[in-house]
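First the structure, in the form of structure tokens, and then the observations on it.
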Amino acid sequence: MLKVKKLLLLLFAVPLLLLVACNNEDETSAPEMDKEAMENFNETGYPIVDEPITINFMTRKPPTTADDYNDVLVWKTYEEKTNIKIDWGLVPSEGFEEKSNLSLAGGDYPEAFYTAKFSDVDIMKYGEQGVFLELNELIDKYMPNVKQLFSEHPEIKKALTNADGKIYSLPTVYSPDFTSMTSNIKPWIRQDWLDQLNMEMPQTTEEFYQYLKAVKETDLNGNGKADEIPYGNNSVAGLIGWLKGAYGIGNKGRKQGFVDLDPKTNKLRFYWTTDRWKEMLEYINKLYSEGLINKTIFTMETNEYHETGSQGLYGSTVTTSPETRFGRDEYVGMPQLEGPHGDKDWVYVTAPVVHKAAFVITDKNKNPAATARWIDYFYGDEGAKLFFMGVEGETYEETDNGELEYVDMLTDNPDGLTFEQALRPYITWLGGGYPALVQSDYFKGAENSPASIEATKKIEPDIIEETWPSFPFTVEENQRLAALKADIEKYVIEMQDKFIAGEEPFSEWDKYVETVEKMGLEEYMEIQQAGYERFKES
Amino acid sequence: MKNRGLSDKTFDRINKLFVTFIVLIVVYPLIFVISASISDPGAVSTGKMWLWPVDITLEGFKRVFQNQDIWTGYRNTIFYTLLGTLIHLFILLPCAYALSRKELKGKKIILWFILFTMLFNGGMIPTYLVVKTLGMLDTVWAIVIPNVVGAWSILVARAFFQQTIPNDLVEASKIDGASDFHIFRKIVLPLSLPIIAVMALFHAVSLWNQYFSALIYLSDRDMYPLQLILREILIVNQMGLEEGSAGVMESLVEQVKTASLVKYAVIIVSTLPLLIVYPFLQRFFVKGVLIGSVKE
Amino acid sequence: MKSNGEQLNIPYSKNRKFYRAKKNLFLNWQLYVFLLPALTYFFIIHYIPMYGVQIAFKDFIATKGILGSPWTGFDHFERFFNSYYFWRLLKNTLAINFYQLLLFPLPIIFALMLNELRNGAFKKWSQTLTYAPHFISVVVLVGMLVAFLDPLTGLVNNAIVALGGESVPFLTSPEWFRHIYVWSGEWQALGWGTIIYLAALAGVNPELHEAAKVDGATRMQRILRINLPSILPTVVILFILDIGKFMSIGFEKVLLMQNSLNSETSDIIQTFVYETGLLEGQYSFAAAIGLFDSIINIILLVIVNQIARKTSENSLW
């Protein structure tokens with residue numbers, strides 16, 4: 001028996017030792033730019049480097065993009081311009097999370113991560129350890145476009161700054177004036193039904209209710225069946241996002257889904273337990289229980305939503321654009337509704353920084369300055385034009401009034417390819433998550449269609465002035481918050497649906513509030529408060 | 001056979017009836033998937049299509065086969081599956097047989113050694129590091145080796161051997177001077193065709209369906225297995241729902257429709273080869289009769 | 001228990017045990033060689049990475065590696081146990097698994113039935129067809145469920161309404177979740193599950209049947225007295241191994257079927273791990289819960305194996 005024990009001990013000890021041994025890999029020294037690299041590098045002008053260099057990336061590759069980025073027109077063009085060759089290290093998007101983690105754990109991570117979408121927690125963790133390079137100085141010295149962006153929109157800089165006051169990542173950022181993008185999910189209504197019912201465009205929650213009721217009671221499509229669905233969707237999120245503004249809650253935008261600023265006290269508040277939240281749920285519950293909302297709203301799949309939508313059965317909905325999703329043109333955008341207390345704010349707007357870490361430079365990078373200049377380009381007009389539109393004459397043309405348009409070969413492909421398929425050899429922005437500035441002049445995606453812009457005009461006057469990004473938390477705060485979120489946020493969302501569906505009566509409201517408090521709301525708010533203060537001061 | 005009484009006849013009928021009933025129930029989703037892959041997606045999602053195809057379209061298959069990578073995918077997957085299954089059997093069968101023998105000492109420790117791996121594992125990261133250290137990254141071995149055999153198969157195969165290999169036969173052969181190698185080759189393997197077929201099938205199917213190892217261990221696109229290619233096709237066709245990611249205009253409506261067609265077409269494309277292979281394996285399930293003949 | 005060593009006349013001594021072991025090794029060395037490939041494989045691919053289990057007691061930071069990450073003790077476990085949802089998660093996970101376990105006999109029964117079919121096209125087809133649904137992905141399966149059970153347009157509810165009943169919101173009621181989950185799983189897996197039993201049945205000695213026929217046993221009697229006992233060892237082993245995986249449910253299907261309204265019964269440990277893990281990339285937390293599951297599994301496994309050994313001849317060890 002003793003022998004067996006010894007043997008077992010050996011069996012377990014050997015691998016441990018082995019791994020201790022192979023884990024003590026080379027400690028990489030901080031990337032001092034060596035002289036040679038600096039001599040090769042040009043601080044301004046092009047090419048960025050005199051002698052060609054190669055930088056290796058790890059890139060999240062959405063399946064819509066080309067299989068080899070070095071064959072893509074945009075990148076070929078840019079390589080010629082800069083003398084920098086990129087070794088892209090493409091990883092299919094669904095495996096990126098694991099792959100990037102494995103590379104960080106195995107110590108063989110690349111010089112930079114592209115279209116990475118690292119979480120705030122990861123940015124902070126790896127930034128603190130020096131794996132992700134601090135970018136403040138690089139931005140200052142070599143990134144004029146980012147710098148200009150910061151000075152024009154200080155909120156973007158704020159959003160990127162972490163709890164330790166440093167910036168470790170570059171974002172996917174929507175230009176704040178591109179409102180049709182920042183408020184891309186909007187309410188829509190069937191204009192022809194309004195006309196048939198002889199109703200004006202609803203301006204208040206009460207008028208909206210009247211419209212829904214009228215749709216329910218009238219056979220508007222004249223097929224003899226009561227198949228009209230006054231409000232239809234495959235999730236309640238859109239409706240709530242829109243109605244929040246009518247009840248004066250969630251007033252700091254979509255990125256802050258749980259806290260906002262109490263207008264009375266000017267303090268941070270958890271708005272999911274406020275009376276206003278309750279009132280809003282009561283309103284939606286009324287719609288639901290009277291059959292004005294499709295009963296399948298909690299379970300419906302996207303396909304079915306689109307299918308029913310394409311039959312024109314919805315009297316109203318909240319989505320990006322019924323034109324592109326349902327292929328129906330009877331829908332027009334709706335304004336922000338006014339609530340019972342006179343609130344009328346459009347709060348369903350996202351902060352400009354949508355992905356905080358679309359790009360990071362690691363400590364393995366041998367040419368941080370060159371890399372910085374390389375990526376900076378895409379935060380300026382010229383780079384954005386190249387990135388989204390490609391090369392003039394090949395992929396786009398300028399019309400007489402100065403607008404940019406993709407060439408016919410792409411929009412109406414002679415080989416019958418869809419627009420996305422035709423674009424594949426030329427650009428790589430399809431799939432999202434890219435580090436670049438999205439502006440309406442150069443971005444010809446779905447959010448920039450005429451109907452979307454038209455609808456945006458209706459809500460534009462009511463858009464809130466300030467949108468908060470996510471707050472900067474320290475690593476410890478993040479850890480604590482993760483646990484609290486897992487309980488509190490999960491619970492309130494679940495209860496929201498139950499209240500709406502009438503599974504939970506409103507008489508239980510007090511108990512609900514009590515439960516949330518018991519789950520540690522106080523601590524949750526303390527952490528949020530700390531993050532908020534840090535955000536305010538940055 | 002003459003002696004089959006009335007009750008046996010009724011038994012036959014009732015049995016047949018039951019089996020037919022179950023087959024009908026179980027086969028229904030199959031028909032649904034086939035029909036859905038060629039029906040108008042609108043009719044599918046709204047429940048109008050529930051058995052036979054409605055408004056037939058081949059757009060889904062067209063989309064799947066538009067992708068040239070799919071053939072490389074097939075080739076790779078077939079190669080991985082064949083190689084992996086062979087190695088699987090090569091490791092599994094001797095081990096399971098040895099464990100089924102009474103004369104093997106220290107069985108309990110060995111069994112626990114194996115069983116333990118079913119209950120605990122070190123997780124993805126250390127496994128990756130081992131695979132990397134062994135130099136298997138970006139080779140076929142990374143796909144084939146890390147899950148080549150599991151505790152489950154060994155223990156099930158062992159139970160089969162214990163049950164079907166007559167102990168007397170083995171002992172008699174041993175006394176006649178036959179080596180274990182010889183016994184294994186000449187007696188055990190021929191007697192165990194059903195379990196070999198089952199184990200090969202199970203492992204082949206899991207290899208056929210796996211995509212995650214490929215995702216982690218392979219970076220060369222030319223080595224991607226079929227499932228990874230199919231997942232890409234599937235996701236490509238569901239794109240456009242994330243903001244800032246999609247192209248323009250009308251195409252989205254059509255795109256969403258093809259997405260659901262593709263969803264069903266992909267299942268057919270990926271399973272058809274397995275369904276074709278199955279009847280061939282099936283023959284081995286009835287080879288049990290051999291026992292008698294070997295004994296003679 | 002007769003072993004080769006005992007037949008040899010060895011005088012009793014302290015060394016006897018050792019001597020016998022040596023003798024055994026000498027006589028049966030080939031059997032040990034048979035074990036080698038498998039044991040080497042398990043050692044390298046499974047045991048060497050086993051040090052990764054400690055991640056559950058650490059705060060994993062990728063660049064520091066598993067060994068270099070700081071210890072946190074039982075923090076992750078405490079967090080899990082202290083979660084508001086802990087009991088609900090545990091209850092639901094156990095309930096679904098017990099339910100599934102109740103259906104364990106179905107593939108056995110179906111295999112016995114298939115086995116009784118005389119060879120021919122019908123047998124062949126019924127086997128091939130029933131095994132095919134195994135390959136339908138969960139996304140599609142759940143898609144089908146949603147379509148069939150839709151309160152307005154779904155086949156099932158249309159039938160209920162046509163028969164004078166009232167439409168049932170199957171997918172949003174907590175009472176229905178388990179039934180739908182488990183039975184739809186069985187629907188898909190039944191044919192696949194029979195394969196292994198069919199293989200076991202193929203190993204039944206035909207002489208036994210011949211003898212029984214001569215004795216005038218009916219088909220039913222032969223199934224119960226010959227076929228069933230013959231495959232019983234396989235059944236027991238499979239049952240024990242099933243128990244060894246008791247706590248693991250594929251989260252994908254549950255996640256797809258889950259919504260706020262049915263989460264009272266549909267919220268399970270695996271979906272919780274997925275959601276919280278996904279949220280923050282918390283490898284350590286997920287590993288801690290995984291370890292918790294493994295420990296429950298191992299306890300159950302030992303208990304069930306013990307029972308099996310006492311009540312039947314068959315057990316894993």
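Just remember, in the structure tokens the first chain shown is A, the second B, etc., residues are 1-based per chain, and ligands are 1-based in the order shown.
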>> Taking only C-alpha atoms into account and nothing else, which residues of chain A lie no more than 8 Å away from chain C? Please answer as a ChimeraX atom specification.
In response: /A:12,15-16,20,23,101-102,104-107,119,121,125-126,131,295-296,298-301,482-483,486-487,493-495,497-498,503,519
Selected residues written out with N, CA and C atoms, as a compact mmCIF listing (two decimals), in the first residue's frame:
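part-v7.txt written:
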```txt
# COMPACT_ATOMS: atom_id res chain seq x y z
N PHE A 12 1.04 12.88 -8.98
CA PHE A 12 0.49 14.23 -8.86
C PHE A 12 1.56 15.30 -8.81
N PRO A 15 3.46 16.42 -12.56
CA PRO A 15 2.88 17.46 -13.42
C PRO A 15 2.96 18.84 -12.79
N LEU A 16 2.79 18.91 -11.49
CA LEU A 16 2.84 20.22 -10.84
C LEU A 16 4.21 20.87 -11.07
N VAL A 20 5.14 24.22 -13.01
CA VAL A 20 5.80 25.35 -12.38
C VAL A 20 6.98 25.77 -13.24
N ASN A 23 5.99 27.46 -16.48
CA ASN A 23 5.24 28.71 -16.36
C ASN A 23 6.11 29.92 -16.13
N ASN A 101 -7.87 34.80 -24.29
CA ASN A 101 -7.52 34.42 -22.94
C ASN A 101 -6.39 33.41 -22.91
N LEU A 102 -6.48 32.43 -23.80
CA LEU A 102 -5.43 31.42 -23.85
C LEU A 102 -4.10 32.03 -24.24
N LEU A 104 -3.16 35.08 -23.67
CA LEU A 104 -2.66 35.85 -22.53
C LEU A 104 -2.13 34.92 -21.45
N ALA A 105 -2.84 33.81 -21.24
CA ALA A 105 -2.40 32.86 -20.22
C ALA A 105 -1.12 32.15 -20.64
N GLY A 106 -1.00 31.88 -21.93
CA GLY A 106 0.17 31.15 -22.41
C GLY A 106 1.36 32.06 -22.67
N GLY A 107 1.16 33.37 -22.54
CA GLY A 107 2.26 34.31 -22.71
C GLY A 107 2.66 34.56 -24.15
N SER A 119 -13.85 43.34 -22.02
CA SER A 119 -14.75 43.91 -21.03
C SER A 119 -14.01 44.95 -20.19
N VAL A 121 -13.73 45.02 -17.12
CA VAL A 121 -12.97 44.31 -16.09
C VAL A 121 -11.60 43.89 -16.62
N LYS A 125 -7.86 44.99 -15.44
CA LYS A 125 -6.95 43.96 -14.95
C LYS A 125 -5.63 43.98 -15.71
N TYR A 126 -5.72 43.93 -17.03
CA TYR A 126 -4.50 43.83 -17.83
C TYR A 126 -3.78 45.17 -17.92
N VAL A 131 0.12 44.75 -19.13
CA VAL A 131 0.05 43.97 -20.37
C VAL A 131 -0.52 44.84 -21.48
N LYS A 295 -49.13 38.54 -26.79
CA LYS A 295 -48.87 37.70 -25.62
C LYS A 295 -47.54 36.97 -25.74
N THR A 296 -47.05 36.86 -26.96
CA THR A 296 -45.83 36.08 -27.18
C THR A 296 -44.58 36.93 -27.00
N PHE A 298 -42.65 37.65 -24.75
CA PHE A 298 -41.53 37.14 -23.95
C PHE A 298 -40.84 35.94 -24.59
N THR A 299 -41.47 35.34 -25.56
CA THR A 299 -40.91 34.09 -26.09
C THR A 299 -40.62 34.13 -27.57
N MET A 300 -41.12 35.13 -28.26
CA MET A 300 -41.06 35.10 -29.71
C MET A 300 -39.61 35.15 -30.22
N GLU A 301 -39.37 34.41 -31.30
CA GLU A 301 -38.05 34.46 -31.92
C GLU A 301 -38.02 35.56 -32.97
N ALA A 482 -19.84 42.33 -9.42
CA ALA A 482 -20.27 41.19 -10.23
C ALA A 482 -21.24 40.31 -9.44
N ALA A 483 -20.89 40.06 -8.19
CA ALA A 483 -21.74 39.21 -7.36
C ALA A 483 -23.08 39.88 -7.10
N ALA A 486 -25.28 39.91 -10.18
CA ALA A 486 -25.84 38.61 -10.50
C ALA A 486 -27.14 38.38 -9.74
N ASP A 487 -27.26 38.95 -8.56
CA ASP A 487 -28.52 38.82 -7.82
C ASP A 487 -29.50 39.93 -8.17
N ILE A 493 -35.00 42.36 -13.31
CA ILE A 493 -35.45 42.12 -14.68
C ILE A 493 -36.53 41.04 -14.70
N GLU A 494 -36.28 40.01 -13.92
CA GLU A 494 -37.26 38.93 -13.86
C GLU A 494 -38.60 39.47 -13.35
N MET A 495 -38.53 40.30 -12.30
CA MET A 495 -39.76 40.82 -11.71
C MET A 495 -40.45 41.80 -12.65
N ASP A 497 -40.69 41.61 -15.83
CA ASP A 497 -41.52 40.83 -16.75
C ASP A 497 -42.73 40.23 -16.05
N LYS A 498 -42.51 39.82 -14.82
CA LYS A 498 -43.63 39.21 -14.10
C LYS A 498 -44.72 40.24 -13.79
N GLU A 503 -48.11 38.13 -13.68
CA GLU A 503 -47.81 36.94 -12.89
C GLU A 503 -47.58 37.32 -11.43
N MET A 519 -30.98 42.16 -0.85
CA MET A 519 -29.92 41.56 -1.67
C MET A 519 -28.64 42.37 -1.63
```
> Using the chain letters and numbers from this document, which residues of region 79-302 of chain C does DSSP assign to alpha helix (DSSP H), as a PyMOL selection string?
Replying inline: chain C and resi 79-82+86-102+105-116+121-131+138-149+155-162+174-202+206-214+219-222+228-244+251-257+263-266+269-280+283-302
> Mind pulling up the distance from CA of Leu119 (chain B) to CA of Gly150 (chain B)?
Replying inline: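 Atom-to-atom, CA of Gly150 (chain B) to CA of Leu119 (chain B), that is 11.0 Å.
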>> Please determine, counting only C-alpha atoms, which residue among A:Leu160, A:Ala451, A:Ile249, A:Val236 has the shortest atom-to-atom distance to Ile284 (chain A).
In response: A:Val236
> So which residues touch Ile240 (chain A) within 9 Å, counting only C-alpha atoms, skipping near sequence neighbours fewer than 5 positions away, as a PyMOL selection string?
Replying inline: chain A and resi 245+280-281+284
> Using only C-alpha atoms, which residues sit within 8 Å of Leu198 (chain C) once same-chain residues fewer than 4 positions away are excluded, as a VMD selection string?
Replying inline: (chain B and resid 285) or (chain C and resid 111 to 112 115 194 202)
>> Can you tell me which residues surround Ile303 (chain C) at a distance of at most 12 Å, considering only C-alpha atoms, apart from same-chain residues fewer than 6 positions away, and format the answer as a list in words?
In response: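 Contacts, with the query itself left out: Ile240, Ile243, Gly244, Ile296, Asn297, Arg309, Lys310, Ser315 and Leu316 of chain C.
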>> Report, in Å with one decimal, the straight-line distance from CA of Ile22 (chain B) to CA of Pro41 (chain B).
In response: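 Value for the CA of Ile22 (chain B)-CA of Pro41 (chain B) distance: 28.1 Å.
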>> For Ser126 (chain C), find every residue with an atom within 12 Å (counting only C-alpha atoms), except residues of its own chain fewer than 5 positions away, and show them as a PyMOL selection string.
In response: (chain B and resi 16-27+279+282) or (chain C and resi 110-111+113-115+117-121+131-132+191-192+194)
> Excluding same-chain residues fewer than 3 positions from Phe113 (chain B), what lies within 12 Å of it counting only C-alpha atoms, as a ChimeraX atom specification?
Replying inline: /A:8,11-12 /B:106-110,116-120,150-151,154-155 /C:35,38-43,46-47,317
>> Using Å and a single decimal, report how far CA of Phe258 (chain A) sits from CA of Tyr271 (chain A).
In response: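 A separation of 6.3 Å between them.
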> Would you give me, as a list in words, the residues in region 307-391 of chain A that DSSP reads as strand (DSSP E or B)?
Replying inline: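 Output for region 307-391 of chain A, strand (DSSP E or B) only: Tyr314, Gly315, Ser316, Thr317, Val318, Thr319, Tyr331, Val332, Gly333, Glu338, Trp346, Val353, Val354, His355, Lys356, Ala357, Ala358, Phe359, Val360, Ile361 and Thr362 of chain A.
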C-alpha atoms of the current selection, written as a short mmCIF file (atom, residue, chain, number, x, y, z; two decimals), in the first residue's frame:
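Generated file (again-v3.cif):
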```cif
data_model
loop_
_atom_site.label_atom_id
_atom_site.label_comp_id
_atom_site.auth_asym_id
_atom_site.auth_seq_id
_atom_site.Cartn_x
_atom_site.Cartn_y
_atom_site.Cartn_z
CA TYR A 314 -48.35 45.45 -36.06
CA GLY A 315 -50.01 48.75 -35.28
CA SER A 316 -46.81 49.93 -33.66
CA THR A 317 -43.44 48.59 -32.65
CA VAL A 318 -40.02 49.64 -31.48
CA THR A 319 -37.16 48.56 -33.71
CA TYR A 331 -44.54 52.91 -40.77
CA VAL A 332 -43.43 56.33 -39.68
CA GLY A 333 -41.37 57.30 -36.68
CA GLU A 338 -45.27 62.63 -22.69
CA TRP A 346 -35.81 60.62 -25.22
CA VAL A 353 -18.28 54.94 -26.85
CA VAL A 354 -20.00 51.67 -27.68
CA HIS A 355 -17.08 49.30 -27.30
CA LYS A 356 -14.49 50.60 -24.94
CA ALA A 357 -11.71 48.26 -26.01
CA ALA A 358 -11.90 47.74 -29.74
CA PHE A 359 -8.13 48.07 -29.90
CA VAL A 360 -5.33 47.63 -27.39
CA ILE A 361 -1.57 47.65 -27.70
CA THR A 362 0.31 45.13 -25.57
#
```
